[in-house]
Structures are given as C-alpha cells and as structure tokens.
$ cat upload_34.txt   # compact mmCIF, C-alpha atoms
# COMPACT_ATOMS: atom_id res chain seq x y z
CA MET A 1 68.25 -89.86 -30.79
CA LEU A 2 65.51 -91.26 -28.64
CA CYS A 3 66.66 -89.14 -25.72
CA LEU A 4 66.61 -85.99 -27.83
CA ARG A 5 63.02 -86.60 -28.97
CA VAL A 6 61.91 -87.14 -25.41
CA LEU A 7 63.55 -83.92 -24.27
CA ARG A 8 62.05 -81.99 -27.18
CA GLY A 9 58.56 -83.32 -26.37
CA ALA A 10 59.03 -82.40 -22.74
CA HIS A 11 59.91 -78.83 -23.74
CA ARG A 12 56.95 -78.47 -26.13
CA THR A 13 54.34 -79.71 -23.63
CA PRO A 14 54.83 -76.89 -21.03
CA LEU A 15 54.75 -74.34 -23.81
CA ARG A 16 51.42 -75.64 -25.03
CA LEU A 17 50.07 -75.68 -21.46
CA ASP A 18 51.20 -72.09 -20.93
CA ALA A 19 49.51 -70.98 -24.15
CA LEU A 20 46.28 -72.75 -23.22
CA SER A 21 46.27 -71.29 -19.72
CA LEU A 22 46.96 -67.82 -21.13
CA ARG A 23 44.03 -68.15 -23.53
CA GLY A 24 41.76 -69.32 -20.70
CA ALA A 25 42.74 -66.45 -18.47
CA THR A 26 42.12 -63.96 -21.30
CA THR A 27 38.71 -65.48 -22.01
CA ARG A 28 37.76 -65.36 -18.33
CA GLY A 29 38.91 -61.72 -18.13
CA LEU A 30 36.79 -60.77 -21.14
CA ARG A 31 33.75 -62.56 -19.71
CA LEU A 32 34.20 -60.85 -16.35
CA LYS A 33 34.50 -57.47 -18.05
CA GLN A 34 31.31 -58.13 -20.08
CA ASN A 35 29.47 -59.20 -16.93
CA VAL A 36 30.56 -56.01 -15.15
CA GLN A 37 29.39 -53.87 -18.09
CA ILE A 38 26.00 -55.67 -18.29
CA SER A 39 25.45 -55.29 -14.54
CA GLY A 40 26.35 -51.60 -14.81
CA LEU A 41 23.79 -51.12 -17.57
CA ARG A 42 21.16 -52.89 -15.52
CA PHE A 43 21.93 -50.69 -12.54
CA ASP A 44 21.66 -47.55 -14.65
CA SER A 45 18.31 -48.64 -16.07
CA THR A 46 16.83 -49.62 -12.71
CA ALA A 47 18.26 -46.73 -10.67
CA PRO A 48 15.64 -44.06 -9.78
CA LYS A 49 15.81 -40.93 -11.84
CA PRO A 50 16.60 -37.75 -9.92
CA LYS A 51 13.52 -35.67 -9.19
CA PRO A 52 13.44 -32.03 -10.19
CA ASN A 53 14.19 -29.63 -7.44
CA THR A 54 10.69 -28.41 -6.77
CA GLU A 55 11.77 -26.55 -3.66
CA ALA A 56 14.04 -24.32 -5.69
CA VAL A 57 11.21 -23.62 -8.12
CA SER A 58 8.75 -22.89 -5.31
CA GLN A 59 11.23 -20.56 -3.64
CA LEU A 60 11.45 -18.28 -6.66
CA PRO A 61 10.56 -14.70 -5.74
CA PRO A 62 7.02 -13.68 -6.73
CA PRO A 63 6.64 -11.13 -9.51
CA ARG A 64 6.83 -7.55 -8.35
CA PHE A 65 3.85 -5.31 -8.97
CA VAL A 66 3.83 -1.55 -9.12
CA PHE A 67 0.20 -1.22 -7.98
CA PRO A 68 -1.73 -3.16 -5.29
CA GLU A 69 -4.67 -5.43 -6.02
CA ARG A 70 -7.10 -2.85 -4.58
CA LEU A 71 -6.01 0.46 -6.04
CA CYS A 72 -7.35 3.62 -4.41
CA VAL A 73 -8.64 5.70 -7.32
CA TYR A 74 -10.55 8.30 -5.26
CA HIS A 75 -9.86 9.91 -1.88
CA ALA A 76 -11.85 12.85 -0.59
CA GLY A 77 -9.05 14.09 1.64
CA THR A 78 -8.32 13.47 5.32
CA GLY A 79 -9.40 16.96 6.38
CA ARG A 80 -12.76 16.77 4.61
CA ILE A 81 -13.48 13.29 5.94
CA THR A 82 -12.61 14.27 9.51
CA PHE A 83 -14.71 17.43 9.34
CA LEU A 84 -17.82 15.61 8.10
CA ALA A 85 -17.42 12.86 10.69
CA CYS A 86 -17.24 15.44 13.47
CA LEU A 87 -20.22 17.28 11.97
CA LYS A 88 -22.34 14.13 12.01
CA ILE A 89 -21.48 13.33 15.62
CA SER A 90 -22.02 16.94 16.73
CA THR A 91 -25.43 16.98 15.06
CA LEU A 92 -26.39 13.85 17.00
CA PHE A 93 -25.39 15.54 20.27
CA ILE A 94 -27.43 18.64 19.33
CA PHE A 95 -30.44 16.45 18.54
CA VAL A 96 -30.18 14.63 21.87
CA PHE A 97 -29.68 17.84 23.85
CA PHE A 98 -32.55 19.84 22.30
CA GLY A 99 -34.86 16.88 21.81
CA PHE A 100 -34.53 15.16 25.17
CA VAL A 101 -33.38 17.96 27.54
CA VAL A 102 -34.47 21.42 26.39
CA THR A 103 -37.81 20.61 24.73
CA PRO A 104 -39.21 18.49 27.61
CA ALA A 105 -38.21 21.22 30.10
CA TYR A 106 -40.08 23.93 28.16
CA PHE A 107 -43.03 21.63 27.60
CA ASP A 108 -43.40 20.96 31.33
CA LYS A 109 -43.17 24.69 32.05
CA GLU A 110 -45.21 26.23 29.21
CA GLY A 111 -47.01 23.37 27.59
CA LEU A 112 -47.35 23.36 23.80
CA SER A 113 -45.96 26.82 23.12
CA PRO A 114 -43.98 28.46 20.30
CA THR A 115 -40.83 27.96 22.36
CA VAL A 116 -41.40 24.20 22.40
CA VAL A 117 -41.88 24.23 18.62
CA ARG A 118 -38.66 26.19 18.11
CA THR A 119 -36.59 23.89 20.33
CA THR A 120 -38.06 20.86 18.57
CA LEU A 121 -37.13 22.27 15.18
CA SER A 122 -33.66 23.10 16.52
CA ALA A 123 -33.23 19.38 17.24
CA VAL A 124 -34.77 17.93 14.07
CA VAL A 125 -33.80 20.34 11.28
CA PRO A 126 -29.98 20.11 11.67
CA LEU A 127 -30.19 16.33 11.90
CA VAL A 128 -32.29 15.98 8.75
CA PHE A 129 -30.25 18.52 6.77
CA VAL A 130 -26.89 16.98 7.64
CA ALA A 131 -28.17 13.48 6.95
CA TYR A 132 -29.62 14.52 3.59
CA THR A 133 -26.57 16.37 2.35
CA THR A 134 -23.77 14.17 3.72
CA SER A 135 -25.17 10.63 3.34
CA PRO A 136 -23.95 10.28 -0.29
CA PHE A 137 -20.51 11.64 0.58
CA VAL A 138 -17.81 9.20 -0.61
CA SER A 139 -14.67 8.95 1.51
CA PHE A 140 -12.66 6.79 -0.89
CA ILE A 141 -13.06 4.31 -3.74
CA HIS A 142 -10.92 1.25 -4.41
CA MET A 143 -10.83 -0.53 -7.75
CA ARG A 144 -9.87 -4.19 -8.13
CA ILE A 145 -7.40 -4.56 -10.99
CA PRO A 146 -6.07 -7.75 -12.64
CA PRO A 147 -2.42 -8.81 -12.29
CA PHE A 148 -1.34 -7.66 -15.75
CA ALA A 149 -2.56 -4.10 -15.05
CA ARG A 150 -0.51 -3.95 -11.85
CA GLN A 151 2.83 -4.32 -13.60
CA SER A 152 3.28 -0.74 -14.79
CA GLU A 153 1.46 2.54 -15.20
CA ASP A 154 1.27 2.03 -18.95
CA MET A 155 -0.53 -1.31 -18.49
CA LEU A 156 -2.88 0.33 -15.99
CA ARG A 157 -3.71 3.09 -18.46
CA ARG A 158 -4.53 0.48 -21.10
CA PHE A 159 -6.81 -1.35 -18.67
CA VAL A 160 -8.66 1.80 -17.61
CA ARG A 161 -8.96 2.99 -21.20
CA THR A 162 -10.86 -0.21 -22.09
CA LEU A 163 -12.47 -0.70 -18.68
CA PRO A 164 -14.59 -3.90 -18.53
CA PRO A 165 -18.16 -3.36 -17.27
CA ALA A 166 -17.68 -6.11 -14.67
CA THR A 167 -14.85 -4.26 -12.90
CA GLU A 168 -15.56 -4.14 -9.16
CA LEU A 169 -15.44 -0.94 -7.11
CA ASP A 170 -15.46 -0.70 -3.32
CA VAL A 171 -17.19 2.59 -2.51
CA THR A 172 -16.79 3.71 1.11
CA THR A 173 -19.29 6.16 2.57
CA MET A 174 -20.17 7.25 6.12
CA SER A 175 -23.20 6.00 8.00
CA PHE A 176 -25.52 8.00 10.23
CA ILE A 177 -23.01 7.78 13.10
CA ALA A 178 -19.92 8.43 10.90
CA LYS A 179 -19.12 4.73 10.64
CA PRO A 180 -17.58 3.58 7.33
CA ARG A 181 -19.93 1.71 4.99
CA VAL A 182 -18.53 -0.22 2.02
CA SER A 183 -20.74 -0.73 -1.04
CA LYS A 184 -19.44 -3.28 -3.55
CA VAL A 185 -20.64 -2.24 -7.00
CA LYS A 186 -19.72 -2.91 -10.61
CA VAL A 187 -18.94 -0.24 -13.14
CA SER A 188 -21.97 -1.30 -15.18
CA ASP A 189 -24.26 -0.62 -12.16
CA LEU A 190 -23.38 3.08 -11.96
CA TYR A 191 -24.73 5.96 -14.04
CA ARG A 192 -24.25 9.73 -14.00
CA VAL A 193 -26.91 11.92 -12.34
CA ASN A 194 -27.33 15.43 -10.91
CA ARG A 195 -29.28 15.33 -7.64
CA ARG A 196 -29.46 17.01 -4.24
CA PHE A 197 -28.40 20.46 -5.33
CA GLY A 198 -25.63 19.03 -7.51
CA ILE A 199 -24.02 17.10 -4.67
CA VAL A 200 -24.77 13.63 -6.10
CA ASN A 201 -23.08 12.76 -9.40
CA LEU A 202 -23.40 8.95 -9.40
CA ALA A 203 -26.27 6.58 -8.64
CA ARG A 204 -27.30 2.95 -8.96
CA ASP A 205 -30.41 0.79 -8.73
CA THR A 206 -30.75 -0.76 -5.26
CA ALA A 207 -34.22 -2.35 -5.55
CA VAL A 208 -32.92 -5.92 -5.77
CA GLU A 209 -30.41 -5.45 -2.98
CA ASN A 210 -32.95 -3.86 -0.64
CA ALA A 211 -35.45 -6.64 -1.31
CA ALA A 212 -32.90 -9.21 -0.11
CA ARG A 213 -32.24 -7.33 3.16
CA LYS A 214 -34.12 -7.78 6.42
CA TRP A 215 -36.51 -5.08 7.58
CA TYR A 216 -34.24 -4.05 10.46
CA MET A 217 -31.18 -3.58 8.25
CA PHE A 218 -30.10 -0.26 6.77
CA ARG A 219 -31.04 0.34 3.16
CA ALA A 220 -28.34 0.12 0.54
CA VAL A 221 -26.66 3.35 -0.51
CA ARG A 222 -28.10 4.50 -3.82
CA ASP A 223 -26.55 7.93 -4.39
CA PHE A 224 -22.85 8.78 -4.33
CA SER A 225 -20.98 12.05 -4.31
CA ALA A 226 -17.49 11.60 -5.78
CA GLN A 227 -16.65 14.77 -7.67
CA PRO A 228 -13.42 14.73 -9.73
CA SER A 229 -12.42 18.09 -8.28
CA SER A 230 -12.50 16.62 -4.75
CA ASN A 231 -10.09 13.79 -5.53
CA THR A 232 -6.80 14.02 -3.64
CA VAL A 233 -5.19 10.78 -4.83
CA LYS A 234 -1.53 11.32 -5.67
CA ARG A 235 -0.92 7.91 -7.24
CA ALA A 236 -2.60 7.62 -10.63
CA PRO A 237 -4.91 10.64 -10.13
CA TRP A 238 -6.10 10.34 -13.75
CA ALA A 239 -7.76 6.95 -13.08
CA TRP A 240 -10.97 8.29 -11.54
CA GLU A 241 -11.63 10.71 -14.38
CA SER A 242 -11.15 7.87 -16.87
CA ILE A 243 -13.58 5.70 -14.88
CA LEU A 244 -16.19 8.49 -14.91
CA SER A 245 -15.77 8.81 -18.67
CA ALA A 246 -16.27 5.05 -19.04
CA ILE A 247 -19.41 5.20 -16.88
CA GLU A 248 -20.82 8.02 -18.98
CA THR A 249 -19.95 6.25 -22.24
CA GLN A 250 -21.62 2.97 -21.34
CA ARG A 251 -25.00 4.70 -20.92
CA LEU A 252 -24.97 6.18 -24.40
$ encode --input "upload_34.txt" --output "structure tokens"
Amino acid sequence: MLCLRVLRGAHRTPLRLDALSLRGATTRGLRLKQNVQISGLRFDSTAPKPKPNTEAVSQLPPPRFVFPERLCVYHAGTGRITFLACLKISTLFIFVFFGFVVTPAYFDKEGLSPTVVRTTLSAVVPLVFVAYTTSPFVSFIHMRIPPFARQSEDMLRRFVRTLPPATELDVTTMSFIAKPRVSKVKVSDLYRVNRRFGIVNLARDTAVENAARKWYMFRAVRDFSAQPSSNTVKRAPWAWESILSAIETQRL
C-alpha cells in the first residue's frame, strides 16, 4: 500500500509541473504579444505622416485661355500702316533735299527771290501737312483683360458690355520718324471728339502727363484716329465698337 501511494504521488507531481509550466508559457506568450502590439502602436503614433505630393499638384497643367492677356481690339491694316510709314520717311527726305540742298543753291545764285520762297515752301509745307494729318493715326490698340474674360468669347462679351472705367488700353501710334509710340491710357481718360477735318475721333487730357516730362522729351499724344470702319481685326472685331460705345456712354 505504501508503495502504491508513493508511485501515485510520483505520477501526480510531473503532471502538476507540466500544467504549471504550460500556464507560465501561455502567460509569457500573452505578455509578449501585448508588448509587440503596444510597441506597434507607439511606432504608428511617432512615425512621420506622409507629406502631400506637392510636386504633382504644381505640375498640373495651367488653365487654357481662348484670348491672350493683351487682346488686339483694333488694327489699322498692314498696308495702311506701311504706306503711312513710307510717307513720313519720304517727306523727311523731301524736306532735307529742298531745305538743305535746293534752297541754299538758289539763295547763293539769286539771293532772296521768289524761287527761294517756293523751294522753301516745297520743303516745309509737305512736312507740316503730313505731320498734322498723320500724327494721330493709330496703328493698333491692345486691351488688357482679366483672366475670367479670357476663357471664352461669351465671357469676353460680358466683360466688354460692362466695361470698367479703369480698363487699360495700349494705343500705338507713329512718331515723327515712323517709330512706334505706345500710350498707356484708361478707358475713363478718353472721350469722343471730331477734330482735324474729321480725322480725330478720340482725345484725352495730357496736361498732367506733359507737366511731368522733361523739356527735351516729346509731348504726350493727345488726339487719336481709330475709326471703326478702319478696323481690320478678325478676332473679336465687335470689341472695338463696344469700347467706343462705352466711351461715349461714360461722358453722358
């Protein structure tokens, strides 16, 4: 009997040890798993957040516009511009030839005679007439339009229909030697007139601008000749007539 009890106790002791070791291993496995999960959460919280791809946003194609920022609303025509430029230069040559070659030769030969007077007038009269009649001639006009008006012709029509007075116009004329001169004006600065035998149809006040210029500088262009019938613009040809209507309306 004593031997049987000893054997039974010997069998029960390893079973208890195995159960205890199994429980310890399970507890250690659970603790290790919890530690791994906690460390993973800490890593997720401390890891840097991915930055937005700003390069992809910056590389987006810009919006497409139908019209440029400086829209040409008036063009007098290449043939007319070329003819007037040649006329100005030819008049200068005529003035130099009759004024500094022919007239001095007759004056040395005849003195102050009717021939000298005629040659002098032949040099001065064409120069003055061409300068008086062609100085207000406008070659082309560009209008600066906002981005929303450049998207479509319908948006441009809406903008021109309610044209702001502060809209800028770049008016290009020809100087005394047929060199382009650009006058930056606002729509509110212009008003309708009828001067120089009906050649001039627009004018502005240049007193302030001339006062700020040096004495050796050319005076600012006051009169402009930009008749609607002379406009040869093929893209939005209605724009210049609408601008003239807005200029006439703002003076009422």
$ residues_near_point --input "upload_34.txt" --point "(-19.2, 15.7, 7.4)" --cutoff "12 Å" --atoms "only C-alpha atoms" --output "PyMOL selection string"
chain A and resi 76-91+127+129-139+173-179
$ residues_around --input "upload_34.txt" --residues "Ser242 of chain A" --least-positions-apart "4" --cutoff "7 Å" --atoms "all atoms listed in the file" --output "mmCIF file with C-alpha atoms, in the frame of the given file"
data_model
loop_
_atom_site.group_PDB
_atom_site.id
_atom_site.type_symbol
_atom_site.label_atom_id
_atom_site.label_comp_id
_atom_site.auth_asym_id
_atom_site.auth_seq_id
_atom_site.Cartn_x
_atom_site.Cartn_y
_atom_site.Cartn_z
ATOM 1 C CA VAL A 160 -8.660 1.800 -17.610
ATOM 2 C CA ARG A 161 -8.960 2.990 -21.200
ATOM 3 C CA TRP A 238 -6.100 10.340 -13.750
ATOM 4 C CA ALA A 246 -16.270 5.050 -19.040
#
$ closest_residue --input "upload_34.txt" --among "A:Glu168, A:Leu190, A:Pro237, A:Gly99" --to "Pro126 of chain A" --atoms "only C-alpha atoms"
A:Gly99
$ atom_distance --input "upload_34.txt" --atom1 "atom CA of Val66 of chain A" --atom2 "atom CA of Thr172 of chain A"
23.6 Å
$ residues_around --input "upload_34.txt" --residues "Thr249 of chain A" --least-positions-apart "2" --cutoff "12 Å" --atoms "only C-alpha atoms" --output "ChimeraX atom specification"
/A:161-163,165,187-188,190-192,242-247,251-252
$ write_last_selection --input "upload_34.txt" --atoms "C-alpha atoms" --output "compact mmCIF listing (two decimals), in the frame of the given file"
# COMPACT_ATOMS: atom_id res chain seq x y z
CA ARG A 161 -8.96 2.99 -21.20
CA THR A 162 -10.86 -0.21 -22.09
CA LEU A 163 -12.47 -0.70 -18.68
CA PRO A 165 -18.16 -3.36 -17.27
CA VAL A 187 -18.94 -0.24 -13.14
CA SER A 188 -21.97 -1.30 -15.18
CA LEU A 190 -23.38 3.08 -11.96
CA TYR A 191 -24.73 5.96 -14.04
CA ARG A 192 -24.25 9.73 -14.00
CA SER A 242 -11.15 7.87 -16.87
CA ILE A 243 -13.58 5.70 -14.88
CA LEU A 244 -16.19 8.49 -14.91
CA SER A 245 -15.77 8.81 -18.67
CA ALA A 246 -16.27 5.05 -19.04
CA ILE A 247 -19.41 5.20 -16.88
CA ARG A 251 -25.00 4.70 -20.92
CA LEU A 252 -24.97 6.18 -24.40
$ atom_distance --input "upload_34.txt" --atom1 "atom CA of Ala123 of chain A" --atom2 "atom CA of Phe197 of chain A"
23.1 Å
$ residues_around --input "upload_34.txt" --residues "Val124 of chain A" --least-positions-apart "4" --cutoff "9 Å" --atoms "all atoms listed in the file" --output "ChimeraX atom specification"
/A:95,98-99,119-120,128-129
